[in-house]
Amino acid sequence: MGRLADIKGQNRVIDTLKRSIKANRVAHAYIFEGQNGYGRRTTAIAFIQTLFCMEQLRYDACGICKSCRKIVSGNHPDLHFLSPLQDKRDISIDQIRELQQILSLRPFEAERKACIIEPAERMNEKSANALLKTLEEPPGHAIIILLTSHADILLSTIRSRCQHLRFSPLDKNSVKELLIKQGMTDEEALRLAPLAEGSMEQVIKQDAGLDDKKRLELLAILSKTSSKRISSIFDTAEAFAVNRDDTIRLFDLITSILRDLVIISTSGQAEISNRFMLDMLSEEAARFTPSDLIEALEIAIETQKAIKGNANPKLAMEHFLIGYYRLRKGV
Ligand SMILES: [Zn+2]
């Protein structure tokens, strides 16, 4: 568990990290840059786990020693995480000062302390400046890893003090393997992988930019419309597909719901983005086979593409709904 060898699709980054361990030239500050879902956090944790491991095997963590087990269970006293506090936009200067305090203490079990800051671009100018000195001379050889989707937003003075590693989009095969690891069958994973667009987060979570009320309404309408009354499909299409831009946005919502349905139906995992309506989602998911849900998701993605490519929104919406209710069991 949690070894560098388990990271999928980031061979270049993993090689660099392993070589630095082998040459005993681990930097004290890193920037891991890449989109959400590329594996930056998992890699950062596996890297720290390897550095802390008591039985390192070929420049990788053993996965079973006491230190490894503590990291995997999220209980290692020398690994710290720093993110904006709940409901706060920025990582505050107070948080950075507190971190500096923690890093200046003697490590409890490992040889050094480590901290993962995420997302690093949420440090404001004050907190970033406060961090600078620590990056230059980390107390007790602490190691700091900044995770970001946009390294160019970080202060150049921060960037120049860190080793910068870029994560690439995941290839389909890596996504497939990760999905299988999460409990999907080979066949399900094979069909779902191309929809990931290089990021596990694209499969697991969609953006949370749309409000909960709209998500609930949409699911309620989807689950109430009856395939037996074709007119109700047309009514729903009429109500949904008001204009092109709104319909395209609506399909973000539809695919987000469908991805959740697929996840519930295939792996039963709780890793869904619309958690607040889990009960309704579970009920809806029960009306499909996993394979049919993946097909519904495929239709939704195709339909959204068609609308972006100038298809008539209302007709395209009808096409999607007809497909959806063809696959859905029951009334
Ligand atoms: Zn170990």
# chains A, B, ... in the order shown; residues from 1 in each chain; ligands from 1

$ residues_near_ligand --ligand "ligand 1" --cutoff "6 Å" --atoms "only C-alpha atoms and all ligand atoms" --output "list of chain:residue names"
A:Cys53, A:Met54, A:Glu55, A:Gln56, A:Ala61, A:Cys62, A:Gly63, A:Ile64, A:Cys65, A:Ser67, A:Cys68

$ residues_around --residues "A:Gly309" --least-positions-apart "4" --cutoff "12 Å" --atoms "only C-alpha atoms" --output "tab-separated table (two decimals) with N, CA and C atoms, in the first residue's frame"
chain	number	residue	atom	x	y	z
A	244	ARG	N	-28.77	27.29	-25.85
A	244	ARG	CA	-27.57	26.46	-26.03
A	244	ARG	C	-26.67	26.46	-24.79
A	245	ASP	N	-26.30	27.65	-24.32
A	245	ASP	CA	-25.34	27.70	-23.21
A	245	ASP	C	-25.87	27.02	-21.95
A	248	ILE	N	-25.79	23.28	-22.37
A	248	ILE	CA	-24.43	22.73	-22.23
A	248	ILE	C	-24.07	22.62	-20.76
A	302	GLU	N	-21.77	12.41	-25.46
A	302	GLU	CA	-21.92	12.64	-26.90
A	302	GLU	C	-22.90	13.77	-27.17
A	303	THR	N	-24.01	13.75	-26.41
A	303	THR	CA	-25.03	14.76	-26.65
A	303	THR	C	-24.49	16.16	-26.35
A	304	GLN	N	-23.75	16.26	-25.25
A	304	GLN	CA	-23.20	17.58	-24.92
A	304	GLN	C	-22.25	18.05	-26.03
A	305	LYS	N	-21.44	17.12	-26.53
A	305	LYS	CA	-20.53	17.47	-27.62
A	305	LYS	C	-21.32	17.95	-28.83
A	313	PRO	N	-30.44	22.28	-29.39
A	313	PRO	CA	-30.43	21.84	-27.98
A	313	PRO	C	-31.65	21.00	-27.61
A	316	ALA	N	-31.49	17.57	-29.27
A	316	ALA	CA	-30.41	16.79	-28.66
A	316	ALA	C	-30.83	16.29	-27.29

$ closest_atom_pairs --of "stretch 19-68 of chain A" --to "stretch 76-84 of chain A" --cutoff "10 Å" --atoms "only C-alpha atoms" --output "Markdown table"
| residue | atom | partner | partner_atom | distance |
| --- | --- | --- | --- | --- |
| A:Ile45 | CA | A:Leu79 | CA | 8.7 |
| A:Ile48 | CA | A:Leu79 | CA | 7.9 |
| A:Gln49 | CA | A:Leu79 | CA | 9.0 |
| A:Phe52 | CA | A:Asp78 | CA | 9.1 |
| A:Lys66 | CA | A:His76 | CA | 9.6 |
| A:Ser67 | CA | A:His76 | CA | 7.1 |
| A:Cys68 | CA | A:His76 | CA | 8.6 |

$ select_by_dssp --residues "stretch 228-289 of chain A" --states "helix (DSSP H, G or I)" --output "PyMOL selection string"
chain A and resi 230-240+244-266+275-285

$ closest_atom_pairs --of "stretch 59-145 of chain A" --to "stretch 12-26 of chain A" --cutoff "10 Å" --atoms "only C-alpha atoms" --output "CSV"
residue,atom,partner,partner_atom,distance
A:Tyr59,CA,A:Lys18,CA,5.7
A:Asp60,CA,A:Lys18,CA,7.3
A:Ile143,CA,A:Val26,CA,8.8

$ residues_around --residues "stretch 112-128 of chain A" --least-positions-apart "6" --cutoff "8 Å" --atoms "only C-alpha atoms" --output "PyMOL selection string"
chain A and resi 44+48+78-84+89-94+96+103+106+140-151+153-155+158

$ closest_residue --among "A:His28, A:Thr42, A:Thr185, A:Lys176" --to "A:Ala5" --atoms "only C-alpha atoms"
A:Thr42

$ atom_distance --atom1 "atom CA of A:Ile322" --atom2 "atom CA of A:Phe276"
27.2 Å

$ select_by_dssp --residues "stretch 106-328 of chain A" --states "strand (DSSP E)" --output "ChimeraX atom specification"
/A:114-117,143-148,163-166

$ write_last_selection --atoms "C-alpha atoms" --output "PDB file, in the first residue's frame"
ATOM      1  CA  ALA A 114       7.269  16.781   6.175  1.00  0.00           C
ATOM      2  CA  CYS A 115       4.431  18.954   5.021  1.00  0.00           C
ATOM      3  CA  ILE A 116       2.154  18.893   2.008  1.00  0.00           C
ATOM      4  CA  ILE A 117       0.554  22.242   1.124  1.00  0.00           C
ATOM      5  CA  ILE A 143      10.645  18.615   3.455  1.00  0.00           C
ATOM      6  CA  ILE A 144       7.834  20.691   1.967  1.00  0.00           C
ATOM      7  CA  ILE A 145       5.771  19.717  -1.056  1.00  0.00           C
ATOM      8  CA  LEU A 146       3.539  22.274  -2.728  1.00  0.00           C
ATOM      9  CA  LEU A 147       0.687  20.858  -4.816  1.00  0.00           C
ATOM     10  CA  THR A 148      -0.717  23.160  -7.450  1.00  0.00           C
ATOM     11  CA  GLN A 163      12.270  21.547  -7.500  1.00  0.00           C
ATOM     12  CA  HIS A 164       9.452  21.654 -10.033  1.00  0.00           C
ATOM     13  CA  LEU A 165       7.881  18.382 -11.207  1.00  0.00           C
ATOM     14  CA  ARG A 166       5.083  18.329 -13.776  1.00  0.00           C
TER      15      ARG A 166
END

$ closest_residue --among "A:Ser267, A:Gly183, A:Met280, A:Asn243" --to "A:Leu218" --atoms "only C-alpha atoms"
A:Met280

$ residues_around --residues "A:Ile233" --least-positions-apart "6" --cutoff "12 Å" --atoms "only C-alpha atoms" --output "list in words"
Ile221, Leu222, Ser223, Lys224, Thr225, Ser226, Ser227, Ala239, Phe240, Ala241, Lys314, Leu315, Met317, Glu318, His319, Phe320, Leu321, Ile322, Gly323, Tyr324, Tyr325 and Arg326 of chain A

$ write_last_selection --atoms "C-alpha atoms" --output "short mmCIF file (atom, residue, chain, number, x, y, z; two decimals), in the first residue's frame"
data_model
loop_
_atom_site.label_atom_id
_atom_site.label_comp_id
_atom_site.auth_asym_id
_atom_site.auth_seq_id
_atom_site.Cartn_x
_atom_site.Cartn_y
_atom_site.Cartn_z
CA ILE A 221 -37.30 15.18 -12.83
CA LEU A 222 -35.14 12.44 -14.33
CA SER A 223 -36.53 9.90 -11.89
CA LYS A 224 -40.15 10.99 -12.34
CA THR A 225 -40.34 11.25 -16.09
CA SER A 226 -41.96 8.15 -17.48
CA SER A 227 -40.80 6.34 -20.55
CA ALA A 239 -38.29 22.68 -19.97
CA PHE A 240 -34.60 21.77 -19.88
CA ALA A 241 -33.26 22.90 -23.21
CA LYS A 314 -34.02 20.70 -27.68
CA LEU A 315 -33.71 17.87 -30.20
CA MET A 317 -31.98 16.77 -25.21
CA GLU A 318 -34.83 14.62 -26.51
CA HIS A 319 -32.32 12.24 -28.02
CA PHE A 320 -30.57 11.94 -24.63
CA LEU A 321 -33.80 11.46 -22.68
CA ILE A 322 -35.10 8.81 -25.07
CA GLY A 323 -31.79 6.96 -24.69
CA TYR A 324 -31.91 7.34 -20.91
CA TYR A 325 -35.41 5.93 -20.55
CA ARG A 326 -34.73 3.16 -23.02
#

$ closest_residue --among "A:Ser199, A:Leu132, A:Ser232, A:Ala193" --to "A:Cys162" --atoms "only C-alpha atoms"
A:Leu132

$ residues_around --residues "A:Arg191" --least-positions-apart "4" --cutoff "9 Å" --atoms "only C-alpha atoms" --output "PyMOL selection string"
chain A and resi 176+186-187+195+291+294-295
